[in-house]
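Structure data (compact mmCIF, C-alpha atoms and all ligand atoms) from structure_24.txt:
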# COMPACT_ATOMS: atom_id res chain seq x y z
CA ASP A 1 27.39 7.54 -0.68
CA LEU A 2 23.85 8.40 0.36
CA PHE A 3 22.88 4.72 0.35
CA GLN A 4 25.50 3.59 2.87
CA TYR A 5 22.87 3.13 5.59
CA ASP A 6 20.52 1.02 3.51
CA PRO A 7 20.22 -2.29 5.36
CA GLU A 8 21.34 -5.68 4.19
CA ARG A 9 18.22 -7.32 2.83
CA ILE A 10 18.31 -10.99 3.58
CA ASN A 11 16.52 -13.33 1.15
CA ALA A 12 15.24 -10.33 -0.80
CA ASN A 13 15.08 -12.30 -4.03
CA GLU A 14 13.03 -15.05 -2.41
CA ASN A 15 10.45 -12.67 -0.99
CA PHE A 16 10.30 -9.91 -3.56
CA PHE A 17 10.29 -8.93 -7.17
CA ILE A 18 12.87 -6.16 -6.93
CA ARG A 19 11.92 -3.17 -9.09
CA SER A 20 14.99 -1.08 -8.25
CA GLU A 21 18.00 -1.42 -5.94
CA ARG A 22 18.81 2.26 -5.38
CA PRO A 23 16.42 3.45 -4.16
CA PHE A 24 15.17 0.08 -2.98
CA ASN A 25 11.74 -0.77 -4.38
CA ALA A 26 10.50 -4.30 -3.98
CA GLU A 27 7.07 -5.92 -4.04
CA THR A 28 6.02 -9.07 -2.25
CA LYS A 29 5.58 -12.18 -4.38
CA PRO A 30 1.87 -12.98 -4.71
CA SER A 31 1.88 -16.45 -3.14
CA ILE A 32 3.67 -15.01 -0.08
CA LEU A 33 1.02 -12.30 0.27
CA VAL A 34 -1.73 -14.88 0.87
CA SER A 35 0.28 -17.25 3.04
CA SER A 36 -0.46 -15.31 6.25
CA PHE A 37 -3.07 -12.77 7.36
CA ILE A 38 -0.31 -10.57 8.79
CA THR A 39 2.52 -9.97 6.32
CA PRO A 40 5.86 -10.74 8.00
CA VAL A 41 8.12 -7.69 8.32
CA GLU A 42 10.89 -9.06 6.11
CA LYS A 43 8.35 -9.90 3.38
CA PHE A 44 6.47 -6.59 3.48
CA TYR A 45 6.90 -4.53 0.31
CA VAL A 46 9.37 -1.65 0.45
CA ARG A 47 8.84 1.61 -1.40
CA ASN A 48 11.69 4.08 -0.90
CA HIS A 49 12.03 7.25 -2.94
CA MET A 50 15.54 7.87 -1.70
CA HIS A 51 18.12 6.29 0.58
CA VAL A 52 17.44 5.00 4.09
CA PRO A 53 18.56 7.80 6.44
CA PHE A 54 20.96 7.30 9.34
CA VAL A 55 19.47 7.90 12.80
CA ASN A 56 21.30 8.26 16.09
CA ILE A 57 18.50 7.40 18.50
CA ASN A 58 20.13 9.28 21.38
CA GLU A 59 20.03 12.51 19.44
CA TYR A 60 16.82 11.91 17.56
CA LYS A 61 14.01 14.39 18.26
CA LEU A 62 10.60 14.49 16.65
CA GLU A 63 9.61 18.11 16.06
CA ILE A 64 5.96 19.12 16.33
CA GLY A 65 4.79 22.60 15.50
CA ASN A 66 3.25 25.12 13.17
CA GLU A 67 4.74 27.99 11.16
CA LYS A 68 5.46 29.93 14.37
CA SER A 69 6.44 27.52 17.12
CA ALA A 70 7.81 24.05 17.57
CA TYR A 71 8.20 21.52 20.34
CA SER A 72 10.16 18.35 20.35
CA LEU A 73 9.92 14.85 21.74
CA SER A 74 12.62 12.25 22.08
CA TYR A 75 11.92 8.65 21.09
CA ASP A 76 11.56 7.67 24.77
CA ASP A 77 9.36 10.69 25.59
CA LEU A 78 6.99 9.75 22.86
CA LYS A 79 6.75 6.16 24.04
CA ASP A 80 6.55 7.01 27.77
CA LYS A 81 4.29 10.05 27.82
CA TYR A 82 1.44 8.92 25.61
CA GLN A 83 -0.85 5.93 25.67
CA SER A 84 0.01 3.29 23.12
CA TYR A 85 -2.44 1.69 20.70
CA THR A 86 -2.18 -1.14 18.22
CA ILE A 87 -4.17 -1.32 14.99
CA THR A 88 -4.18 -3.84 12.18
CA SER A 89 -4.02 -2.06 8.85
CA ALA A 90 -3.04 -2.69 5.30
CA ILE A 91 -0.66 -0.23 3.67
CA GLN A 92 -1.02 -0.06 -0.08
CA CYS A 93 0.91 2.03 -2.58
CA SER A 94 -1.39 3.97 -4.92
CA GLY A 95 0.77 2.59 -7.73
CA ASN A 96 -0.08 -1.02 -6.83
CA ARG A 97 -1.13 -2.85 -10.03
CA ARG A 98 0.16 0.01 -12.16
CA SER A 99 1.64 -2.30 -14.81
CA ALA A 100 -1.84 -3.58 -15.72
CA MET A 101 -2.86 -0.06 -16.72
CA ASN A 102 -0.59 -0.13 -19.77
CA ASN A 103 -2.62 -0.77 -22.90
CA GLU A 104 -2.30 -0.23 -26.62
CA GLU A 105 -5.18 2.20 -26.96
CA GLN A 106 -4.16 4.63 -24.23
CA GLY A 107 -0.46 4.09 -23.82
CA THR A 108 2.18 3.24 -21.27
CA VAL A 109 1.93 4.80 -17.83
CA GLN A 110 4.85 6.30 -15.92
CA GLY A 111 6.27 5.00 -12.67
CA THR A 112 7.46 1.82 -10.99
CA PRO A 113 5.73 -1.08 -12.79
CA TRP A 114 4.17 -2.81 -9.78
CA TYR A 115 2.27 -6.06 -10.25
CA VAL A 116 -0.08 -6.95 -7.32
CA GLY A 117 2.42 -6.87 -4.45
CA ALA A 118 2.80 -3.22 -3.45
CA ILE A 119 0.59 -3.94 -0.46
CA GLY A 120 0.91 -5.64 2.91
CA ASN A 121 -1.13 -6.09 6.08
CA GLY A 122 0.56 -5.35 9.38
CA THR A 123 -0.07 -4.47 12.98
CA TRP A 124 1.14 -1.04 13.99
CA THR A 125 1.82 0.08 17.52
CA GLY A 126 2.32 3.68 18.44
CA VAL A 127 0.68 6.78 19.85
CA LYS A 128 -2.23 8.66 18.38
CA LEU A 129 -1.25 11.67 16.33
CA ARG A 130 -4.29 13.39 17.84
CA ASP A 131 -3.03 12.87 21.40
CA VAL A 132 0.33 14.40 20.53
CA LEU A 133 -1.19 17.37 18.68
CA GLU A 134 -3.65 17.99 21.53
CA SER A 135 -0.93 17.86 24.16
CA PHE A 136 0.77 20.83 22.51
CA GLY A 137 -2.49 22.67 21.77
CA PHE A 138 -2.37 22.11 18.00
CA ASP A 139 -5.80 20.55 17.76
CA LYS A 140 -7.80 23.68 16.99
CA GLU A 141 -5.96 25.24 14.09
CA GLY A 142 -4.80 24.51 10.58
CA LYS A 143 -6.30 22.65 7.69
CA HIS A 144 -3.56 20.10 7.05
CA VAL A 145 -0.95 18.18 8.98
CA GLN A 146 2.35 17.80 7.15
CA PHE A 147 4.94 15.11 7.77
CA ILE A 148 8.57 15.56 6.78
CA GLY A 149 10.95 12.62 6.56
CA LEU A 150 14.66 12.40 7.35
CA ASP A 151 15.37 11.16 3.83
CA CYS A 152 16.57 14.22 1.95
CA ASP A 153 18.45 14.50 -1.33
CA THR A 154 21.67 16.46 -1.88
CA SER A 155 19.72 19.70 -2.36
CA GLN A 156 17.97 19.09 0.98
CA ARG A 157 14.64 18.17 -0.55
CA CYS A 158 13.10 15.72 1.87
CA TYR A 159 10.30 13.25 1.42
CA GLY A 160 7.07 14.77 2.70
CA ALA A 161 3.31 14.47 2.56
CA SER A 162 0.23 15.80 4.32
CA ILE A 163 -3.26 14.73 5.30
CA PRO A 164 -6.36 16.84 6.03
CA ILE A 165 -6.70 17.95 9.66
CA GLU A 166 -9.97 15.99 10.00
CA LYS A 167 -8.15 12.73 9.31
CA ALA A 168 -5.19 13.75 11.48
CA LEU A 169 -7.48 14.31 14.47
CA SER A 170 -9.43 11.11 13.89
CA ASP A 171 -9.06 8.07 16.10
CA ASP A 172 -6.92 6.14 13.71
CA VAL A 173 -3.72 7.91 12.67
CA LEU A 174 -0.65 6.69 14.53
CA ILE A 175 2.91 7.76 15.07
CA ALA A 176 4.13 4.18 15.10
CA TYR A 177 7.26 2.65 16.61
CA LYS A 178 6.43 -1.02 16.16
CA MET A 179 5.36 -3.17 13.23
CA ASN A 180 4.03 -6.68 13.96
CA ASP A 181 5.14 -6.14 17.57
CA GLU A 182 8.81 -5.61 16.63
CA VAL A 183 10.76 -2.38 16.67
CA LEU A 184 10.40 -0.79 13.21
CA THR A 185 13.08 -1.87 10.77
CA THR A 186 15.08 0.76 8.94
CA ASP A 187 13.33 -0.01 5.65
CA HIS A 188 9.93 0.57 7.24
CA GLY A 189 10.76 3.84 8.96
CA TYR A 190 12.83 3.39 12.14
CA PRO A 191 12.56 5.07 14.58
CA LEU A 192 9.08 6.48 13.90
CA ARG A 193 6.67 6.39 11.01
CA ILE A 194 3.23 7.78 10.44
CA VAL A 195 0.50 5.25 9.70
CA VAL A 196 -2.56 6.69 7.97
CA PRO A 197 -4.88 3.71 7.64
CA GLY A 198 -7.20 3.55 4.64
CA THR A 199 -5.13 6.15 2.80
CA VAL A 200 -2.59 5.65 0.01
CA GLY A 201 0.82 4.57 1.29
CA ALA A 202 2.49 7.81 0.22
CA ARG A 203 0.98 9.63 3.23
CA SER A 204 2.36 7.16 5.78
CA VAL A 205 5.67 8.98 6.05
CA LYS A 206 8.61 6.91 7.28
CA TRP A 207 11.59 8.20 9.33
CA VAL A 208 9.40 11.12 10.36
CA ASN A 209 11.41 14.13 11.47
CA ARG A 210 8.87 16.97 11.69
CA ILE A 211 5.11 17.29 12.00
CA VAL A 212 3.72 20.67 10.97
CA VAL A 213 0.14 21.91 11.38
CA SER A 214 -0.56 24.33 8.57
CA ASP A 215 -3.19 26.01 6.41
CA LYS A 216 -1.38 24.52 3.43
CA GLU A 217 -0.74 21.05 2.14
CA SER A 218 2.81 19.74 2.11
CA ASP A 219 4.71 21.43 -0.71
CA SER A 220 6.70 18.29 -1.44
CA HIS A 221 6.80 16.95 -4.96
CA TRP A 222 4.96 13.82 -3.78
CA GLN A 223 2.01 15.82 -2.50
CA LYS A 224 1.87 18.51 -5.19
CA ALA A 225 2.93 16.83 -8.41
CA ASP A 226 2.72 13.11 -7.95
CA TYR A 227 0.15 10.70 -6.54
CA LYS A 228 -2.70 12.45 -8.33
CA VAL A 229 -5.19 10.97 -10.77
CA LEU A 230 -4.70 13.22 -13.80
CA PRO A 231 -7.37 13.46 -16.51
CA SER A 232 -6.99 10.72 -19.12
CA SER A 233 -6.42 13.34 -21.83
CA ILE A 234 -3.07 14.20 -20.22
CA LYS A 235 -0.31 12.21 -21.91
CA GLN A 236 2.61 14.30 -20.58
CA PRO A 237 2.63 15.17 -16.87
CA GLN A 238 4.36 18.48 -17.71
CA GLN A 239 1.13 19.72 -19.32
CA VAL A 240 -0.77 19.79 -16.04
CA ASP A 241 -1.96 22.57 -13.78
CA TYR A 242 -1.22 20.48 -10.70
CA ASP A 243 -2.88 22.85 -8.27
CA ARG A 244 -6.25 22.00 -9.81
CA GLU A 245 -5.87 18.29 -9.18
CA PRO A 246 -6.39 16.99 -5.64
CA ALA A 247 -3.75 14.90 -3.88
CA LEU A 248 -4.80 11.29 -3.37
CA GLN A 249 -5.93 10.38 0.12
CA GLU A 250 -8.25 7.37 0.61
CA PHE A 251 -7.72 4.52 -1.80
CA ASN A 252 -10.45 2.70 -3.72
CA VAL A 253 -11.75 -0.86 -3.51
CA GLN A 254 -9.16 -3.37 -4.66
CA SER A 255 -8.64 -7.12 -5.02
CA ALA A 256 -6.15 -9.46 -6.66
CA ILE A 257 -5.57 -13.14 -7.31
CA CYS A 258 -2.35 -14.29 -5.62
CA TYR A 259 -2.51 -18.08 -5.81
CA PRO A 260 -1.81 -19.97 -7.97
CA ALA A 261 1.11 -17.80 -8.99
CA SER A 262 4.29 -18.16 -10.92
CA SER A 263 7.69 -17.81 -9.28
CA GLU A 264 8.43 -15.44 -12.15
CA ASP A 265 7.46 -11.78 -12.25
CA GLY A 266 3.68 -11.73 -12.71
CA ASN A 267 3.99 -8.87 -15.18
CA LYS A 268 5.73 -11.18 -17.61
CA VAL A 269 3.70 -14.36 -17.29
CA LYS A 270 1.19 -14.66 -20.14
CA ILE A 271 -0.11 -18.15 -19.41
CA LEU A 272 0.44 -19.79 -16.06
CA SER A 273 0.78 -23.55 -16.45
CA ILE A 274 -0.01 -25.39 -13.23
CA LYS A 275 -0.46 -28.90 -11.91
CA PRO A 276 -3.07 -29.19 -9.15
CA ASN A 277 -1.34 -30.06 -5.87
CA ASP A 278 -2.02 -33.29 -3.94
CA GLU A 279 -4.72 -31.78 -1.78
CA ASP A 280 -6.52 -30.33 -4.81
CA ILE A 281 -6.40 -33.70 -6.56
CA LYS A 282 -7.78 -35.42 -3.48
CA ASN A 283 -10.65 -32.88 -3.30
CA GLN A 284 -10.98 -32.66 -7.07
CA LYS A 285 -10.92 -28.90 -6.70
CA LEU A 286 -8.51 -26.15 -7.65
CA THR A 287 -7.77 -23.62 -4.90
CA ILE A 288 -7.71 -19.93 -5.82
CA LYS A 289 -6.67 -17.31 -3.25
CA GLY A 290 -6.20 -13.59 -3.06
CA TYR A 291 -6.64 -10.39 -1.07
CA ALA A 292 -9.13 -7.54 -1.08
CA VAL A 293 -9.20 -4.19 0.68
CA SER A 294 -11.01 -0.88 0.48
CA GLY A 295 -10.04 2.63 1.50
CA GLY A 296 -11.27 4.90 4.28
CA GLY A 297 -12.05 2.00 6.61
CA ARG A 298 -14.79 0.54 4.43
CA GLN A 299 -15.11 -3.21 4.96
CA ILE A 300 -15.11 -5.72 2.11
CA GLN A 301 -18.58 -7.18 1.63
CA ASN A 302 -17.76 -9.85 -0.93
CA VAL A 303 -15.15 -11.05 -3.39
CA GLN A 304 -16.20 -13.03 -6.42
CA ILE A 305 -14.37 -14.83 -9.18
CA SER A 306 -15.37 -15.57 -12.74
CA ILE A 307 -13.95 -17.97 -15.32
CA ASP A 308 -16.27 -16.81 -18.13
CA HIS A 309 -15.22 -13.15 -18.40
CA GLY A 310 -17.79 -11.86 -15.97
CA LYS A 311 -20.96 -13.58 -17.10
CA THR A 312 -21.20 -15.67 -13.93
CA TRP A 313 -19.52 -15.10 -10.59
CA PHE A 314 -18.73 -17.40 -7.67
CA GLN A 315 -18.79 -16.12 -4.12
CA THR A 316 -15.47 -16.71 -2.34
CA GLU A 317 -14.92 -17.44 1.35
CA LEU A 318 -13.60 -14.48 3.29
CA GLU A 319 -11.11 -14.30 6.13
CA GLN A 320 -11.48 -10.93 7.81
CA LEU A 321 -11.41 -9.24 11.19
CA ALA A 322 -14.42 -7.90 13.01
CA GLN A 323 -13.74 -4.18 12.82
CA PRO A 324 -15.77 -1.07 13.67
CA TYR A 325 -17.90 0.74 11.10
CA MET A 326 -15.55 2.82 8.92
CA GLY A 327 -12.64 1.29 10.78
CA ALA A 328 -12.00 -1.77 8.60
CA TYR A 329 -8.38 -1.07 7.80
CA ALA A 330 -7.11 -4.64 7.75
CA TRP A 331 -7.32 -6.46 4.47
CA THR A 332 -9.50 -9.47 3.63
CA LEU A 333 -8.06 -12.75 2.38
CA TRP A 334 -10.34 -14.92 0.25
CA THR A 335 -10.40 -18.49 -1.05
CA TYR A 336 -12.44 -20.31 -3.67
CA ARG A 337 -12.23 -23.93 -4.78
CA ILE A 338 -13.32 -24.63 -8.36
CA PRO A 339 -14.26 -28.24 -9.20
CA LEU A 340 -11.53 -29.53 -11.50
CA ASN A 341 -14.23 -30.97 -13.80
CA ASP A 342 -15.56 -27.46 -14.47
CA LEU A 343 -12.24 -26.24 -15.83
CA PRO A 344 -11.55 -26.03 -19.55
CA SER A 345 -8.61 -28.04 -20.89
CA LYS A 346 -7.42 -25.02 -22.88
CA PRO A 347 -6.00 -21.85 -21.25
CA PHE A 348 -8.72 -19.81 -19.55
CA ASP A 349 -8.95 -16.54 -17.64
CA VAL A 350 -9.73 -16.26 -13.94
CA MET A 351 -10.91 -12.82 -12.79
CA CYS A 352 -11.73 -11.43 -9.39
CA ARG A 353 -13.63 -8.42 -8.17
CA ALA A 354 -14.51 -7.13 -4.72
CA MET A 355 -17.34 -4.99 -3.44
CA ASP A 356 -17.18 -2.97 -0.23
CA THR A 357 -20.03 -2.36 2.21
CA HIS A 358 -20.80 0.93 0.42
CA ALA A 359 -21.40 -0.99 -2.83
CA ASN A 360 -18.26 0.42 -4.40
CA SER A 361 -17.04 -2.11 -6.90
CA GLN A 362 -14.17 -2.49 -9.33
CA PRO A 363 -14.28 -1.52 -13.02
CA ASP A 364 -13.93 -4.40 -15.48
CA THR A 365 -11.05 -2.83 -17.41
CA PRO A 366 -8.56 -0.01 -16.81
CA LEU A 367 -9.88 1.90 -19.85
CA GLY A 368 -12.19 4.16 -17.84
CA ILE A 369 -9.67 4.95 -15.10
CA TRP A 370 -6.44 5.18 -17.11
CA ASN A 371 -4.16 8.01 -16.06
CA ILE A 372 -0.59 8.80 -17.09
CA ARG A 373 0.83 8.23 -13.60
CA GLY A 374 -0.87 4.85 -13.43
CA VAL A 375 -2.24 5.30 -9.93
CA MET A 376 -5.31 3.71 -8.33
CA ASN A 377 -5.64 0.88 -10.83
CA ASN A 378 -8.37 -1.29 -9.35
CA SER A 379 -9.69 -2.94 -12.50
CA TRP A 380 -10.62 -6.64 -12.32
CA HIS A 381 -7.47 -8.62 -11.84
CA LYS A 382 -7.02 -11.44 -14.34
CA ILE A 383 -4.67 -14.40 -14.62
CA THR A 384 -4.62 -16.93 -17.45
CA LEU A 385 -4.33 -20.55 -16.35
CA GLN A 386 -3.51 -23.76 -18.16
CA ILE A 387 -4.14 -26.93 -16.16
CA ASP A 388 -1.70 -29.78 -16.79
CA GLN A 389 -3.49 -32.94 -15.68
N1 LIG B 1 8.29 8.01 3.70
C1 LIG B 1 9.52 8.49 3.44
N2 LIG B 1 10.13 9.25 4.37
N3 LIG B 1 10.14 8.25 2.26
C2 LIG B 1 9.53 7.49 1.28
O1 LIG B 1 10.13 7.28 0.21
N4 LIG B 1 7.50 6.25 0.59
C3 LIG B 1 6.04 6.30 0.75
C4 LIG B 1 5.64 6.00 2.19
N5 LIG B 1 6.43 6.77 3.11
C5 LIG B 1 8.22 6.98 1.51
C6 LIG B 1 7.65 7.25 2.78
C7 LIG B 1 5.31 5.42 -0.15
S1 LIG B 1 5.03 5.98 -1.72
C8 LIG B 1 4.74 4.25 0.30
S2 LIG B 1 3.77 3.33 -0.73
C9 LIG B 1 4.97 3.76 1.68
O2 LIG B 1 5.82 4.62 2.41
C10 LIG B 1 5.60 2.38 1.66
O3 LIG B 1 5.79 1.90 2.96
P1 LIG B 1 6.70 0.63 3.20
O4 LIG B 1 8.00 0.79 2.47
O5 LIG B 1 6.85 0.50 4.66
O6 LIG B 1 5.92 -0.55 2.63
MO MO B 2 3.56 4.59 -2.81
Give the structure from the file, written as structure tokens.
Amino acid sequence: DLFQYDPERINANENFFIRSERPFNAETKPSILVSSFITPVEKFYVRNHMHVPFVNINEYKLEIGNEKSAYSLSYDDLKDKYQSYTITSAIQCSGNRRSAMNNEEQGTVQGTPWYVGAIGNGTWTGVKLRDVLESFGFDKEGKHVQFIGLDCDTSQRCYGASIPIEKALSDDVLIAYKMNDEVLTTDHGYPLRIVVPGTVGARSVKWVNRIVVSDKESDSHWQKADYKVLPSSIKQPQQVDYDREPALQEFNVQSAICYPASSEDGNKVKILSIKPNDEDIKNQKLTIKGYAVSGGGRQIQNVQISIDHGKTWFQTELEQLAQPYMGAYAWTLWTYRIPLNDLPSKPFDVMCRAMDTHANSQPDTPLGIWNIRGVMNNSWHKITLQIDQ
């Protein structure tokens, strides 16, 4: 049983909408996402393609090399011999919000039907990939750095991904051993995981076993034939010349409404009936909350909401960290309070959209960005509310 080392997941149904048990795929419920700036470990979404691998920490060695030579580091070596750094960064699956890409005109997309919760914001402590590569002299060769996980199927195909050498040698890519100041949990990659901030989650390889500097990208399925935005004309992934399509790296600008939210799976809720809470009644305002984030370290400049399908927009209040230029990897949380008197008595739509500091904004519908794998959906997020007075 390959799954025998999957952990017990306490309160999983309280924290997550579970998309599959084996492998375990679970997204954080929206109201939990906005209840703290740092997503608690046990509430952070989990995206596993296979089982959780068993690791004997006394025998574990991280291999670092190229096609010709390899060195290895034990868990303690890695922690003792290199300086440690902590960064705050969101990790977002490129399939986040995939389910909203399904539409009648263009069809149903393929993959795990995530609502808005395949994202979390954590602090990551580890050593810089660059420092490790430099220490073995691997900083002046190769075009890509590949990461190979310990999770392998019965034909020894292991999870893997790669990033361009420029990103790998940047200041920001970590080989992490802590998440939110705790030792990594097995679901999030114990003992070591790669964290590639600002880049789609698929490149932040968990349970990393080998790091390979190469002229080639990873030849794993998840680099070569998945996590690509295919042309919208492609309705069957088998029809594609995958080598022509680039592997996703940085993600795009994204935002979502997370509160109010239903306790039911957001994918299934057509109209969300709510009663304003005591505080809202006292203030005569309805509180709306959500998150926003952009890729590549671009900071969020503003998040706006509309209740008239985009004719007028209200500026929300942002909670964000002061972060360096092109180093804004943490997400932004936002809040807006709409006067209760301004709200229609019939069901109405609330939409949000974010803009980053490079004026990248979100498309109003998924029509222009539809792709069969349903990745990178960043169209305006919409919920339909009915206020019960
Ligand atoms: N690394 C390994 N070894 N195996 C995996 O299945 N899933 C990837 C990435 N790293 C994966 C992996 C994907 S697609 C995502 S979105 C992130 O891990 C999810 O990280 P999390 O489970 O810690 O939230
Ligand atoms: Mo992912």
For the atom pair CA of Pro30 (chain A) and CA of Thr86 (chain A), what is the interatomic distance in Å to one decimal place? 26.1 Å
Counting all atoms listed in the file, which residues of chain A sit at most 7 Å from some atom of ligand LIG 1 (chain B), and what is each one's closest atom pair with its distance in Å to one decimal, listed by chain and rising residue number, as JSON lines?
{"residue": "A:Phe44", "atom": "CA", "partner": "B:LIG1", "partner_atom": "O6", "distance": 6.1}
{"residue": "A:Tyr45", "atom": "CA", "partner": "B:LIG1", "partner_atom": "O6", "distance": 4.7}
{"residue": "A:Val46", "atom": "CA", "partner": "B:LIG1", "partner_atom": "O4", "distance": 3.5}
{"residue": "A:Arg47", "atom": "CA", "partner": "B:LIG1", "partner_atom": "O4", "distance": 4.0}
{"residue": "A:Asn48", "atom": "CA", "partner": "B:LIG1", "partner_atom": "O1", "distance": 3.7}
{"residue": "A:His49", "atom": "CA", "partner": "B:LIG1", "partner_atom": "O1", "distance": 3.7}
{"residue": "A:Met50", "atom": "CA", "partner": "B:LIG1", "partner_atom": "O1", "distance": 5.8}
{"residue": "A:Ile91", "atom": "CA", "partner": "B:LIG1", "partner_atom": "O6", "distance": 6.7}
{"residue": "A:Gln92", "atom": "CA", "partner": "B:LIG1", "partner_atom": "S2", "distance": 5.9}
{"residue": "A:Cys93", "atom": "CA", "partner": "B:LIG1", "partner_atom": "S2", "distance": 3.6}
{"residue": "A:Ser94", "atom": "CA", "partner": "B:LIG1", "partner_atom": "S2", "distance": 6.7}
{"residue": "A:Ile148", "atom": "CA", "partner": "B:LIG1", "partner_atom": "N2", "distance": 6.9}
{"residue": "A:Gly149", "atom": "CA", "partner": "B:LIG1", "partner_atom": "N2", "distance": 4.1}
{"residue": "A:Leu150", "atom": "CA", "partner": "B:LIG1", "partner_atom": "N2", "distance": 6.3}
{"residue": "A:Asp151", "atom": "CA", "partner": "B:LIG1", "partner_atom": "N2", "distance": 5.6}
{"residue": "A:Tyr159", "atom": "CA", "partner": "B:LIG1", "partner_atom": "N2", "distance": 5.0}
{"residue": "A:Gly160", "atom": "CA", "partner": "B:LIG1", "partner_atom": "N2", "distance": 6.5}
{"residue": "A:Asp187", "atom": "CA", "partner": "B:LIG1", "partner_atom": "O4", "distance": 6.3}
{"residue": "A:His188", "atom": "CA", "partner": "B:LIG1", "partner_atom": "O5", "distance": 4.0}
{"residue": "A:Gly189", "atom": "CA", "partner": "B:LIG1", "partner_atom": "O5", "distance": 6.7}
{"residue": "A:Val200", "atom": "CA", "partner": "B:LIG1", "partner_atom": "S2", "distance": 6.8}
{"residue": "A:Gly201", "atom": "CA", "partner": "B:LIG1", "partner_atom": "S2", "distance": 3.8}
{"residue": "A:Ala202", "atom": "CA", "partner": "B:LIG1", "partner_atom": "S1", "distance": 3.7}
{"residue": "A:Arg203", "atom": "CA", "partner": "B:LIG1", "partner_atom": "C4", "distance": 6.0}
{"residue": "A:Ser204", "atom": "CA", "partner": "B:LIG1", "partner_atom": "N5", "distance": 4.9}
{"residue": "A:Val205", "atom": "CA", "partner": "B:LIG1", "partner_atom": "N1", "distance": 3.7}
{"residue": "A:Lys206", "atom": "CA", "partner": "B:LIG1", "partner_atom": "N1", "distance": 3.8}
{"residue": "A:Trp207", "atom": "CA", "partner": "B:LIG1", "partner_atom": "N2", "distance": 5.3}
{"residue": "A:Val208", "atom": "CA", "partner": "B:LIG1", "partner_atom": "N2", "distance": 6.3}
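CA of Ala118 (chain A) sits 13.7 Å away from CA of Val41 (chain A).
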Give me the residues near region 64-69 of chain A as a ChimeraX atom specification, where near means some atom within 8 Å (using only C-alpha atoms) and where sequence neighbours in that chain fewer than 3 positions away do not count. /A:72-73,133,138,210-214
So, with all atoms listed in the file as the atoms that count, which of A:Thr332, A:Gln4, A:Asn302, A:Thr123 lies closest to Val52 (chain A)?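 When distances to Val52 (chain A) are compared using all atoms listed in the file, the smallest one comes from A:Gln4.
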Close residues, region 256-264 of chain A itself excluded, 9 Å, only C-alpha atoms, min 4 positions apart in chain, as a short mmCIF file (atom, residue, chain, number, x, y, z; two decimals) with C-alpha atoms, in the coordinates of the input:
data_model
loop_
_atom_site.label_atom_id
_atom_site.label_comp_id
_atom_site.auth_asym_id
_atom_site.auth_seq_id
_atom_site.Cartn_x
_atom_site.Cartn_y
_atom_site.Cartn_z
CA PHE A 17 10.29 -8.93 -7.17
CA LYS A 29 5.58 -12.18 -4.38
CA PRO A 30 1.87 -12.98 -4.71
CA SER A 31 1.88 -16.45 -3.14
CA ILE A 32 3.67 -15.01 -0.08
CA LEU A 33 1.02 -12.30 0.27
CA VAL A 34 -1.73 -14.88 0.87
CA ARG A 97 -1.13 -2.85 -10.03
CA VAL A 116 -0.08 -6.95 -7.32
CA GLY A 117 2.42 -6.87 -4.45
CA LYS A 268 5.73 -11.18 -17.61
CA VAL A 269 3.70 -14.36 -17.29
CA LEU A 272 0.44 -19.79 -16.06
CA SER A 273 0.78 -23.55 -16.45
CA ILE A 274 -0.01 -25.39 -13.23
CA THR A 287 -7.77 -23.62 -4.90
CA ILE A 288 -7.71 -19.93 -5.82
CA LYS A 289 -6.67 -17.31 -3.25
CA GLY A 290 -6.20 -13.59 -3.06
CA TYR A 291 -6.64 -10.39 -1.07
CA ALA A 292 -9.13 -7.54 -1.08
CA VAL A 350 -9.73 -16.26 -13.94
CA MET A 351 -10.91 -12.82 -12.79
CA CYS A 352 -11.73 -11.43 -9.39
CA ARG A 353 -13.63 -8.42 -8.17
CA ALA A 354 -14.51 -7.13 -4.72
CA ASN A 378 -8.37 -1.29 -9.35
CA TRP A 380 -10.62 -6.64 -12.32
CA HIS A 381 -7.47 -8.62 -11.84
CA LYS A 382 -7.02 -11.44 -14.34
CA ILE A 383 -4.67 -14.40 -14.62
CA LEU A 385 -4.33 -20.55 -16.35
#
Please compute the CA of Asp356 (chain A)-CA of Gln299 (chain A) distance, one decimal, in Å. 5.6 Å
Which residue, A:Glu217, A:Glu27, A:Glu104, A:Glu8, has the smallest gap to ligand MO 2 (chain B) when you use all atoms listed in the file?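 Closest residue, counting all atoms listed in the file: A:Glu27.
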Identify, on the basis of only C-alpha atoms, every residue whose closest approach to Val240 (chain A) does not exceed 12 Å; exclude the query and any residue fewer than 3 positions from it along the same chain; express the result as an NGL selection string. :A and (224-226 or 228-237 or 243-245 or 372-373)
A:Asp171, A:Glu250, A:Asp215, A:Asp181: which is nearest Gly142 (chain A), counting only C-alpha atoms?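 Once distances to Gly142 (chain A) are computed over only C-alpha atoms, the minimum belongs to A:Asp215.
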Using only C-alpha atoms: which of A:Thr186, A:Thr312, A:Gln146, A:Thr335 has the shortest distance to Phe24 (chain A):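 Using only C-alpha atoms, Phe24 (chain A) sits closest to A:Thr186.
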Pick from A:Val173, A:Met355, A:Ile271, A:Ala26, whichever lies nearest to ligand MO 2 (chain B) using all atoms listed in the file: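 Smallest distance to ligand MO 2 (chain B) is found for A:Ala26.
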From the list A:Leu129, A:Ala176, A:Ile38, A:Ile369, the nearest residue to Arg193 (chain A) using all atoms listed in the file is A:Ala176
Dump as a ChimeraX atom specification all residues having an atom at most 10 Å from (-18.1, -1.9, -5.2), computed in the file's coordinates with all atoms listed in the file. /A:252-254,294,300-303,353-363
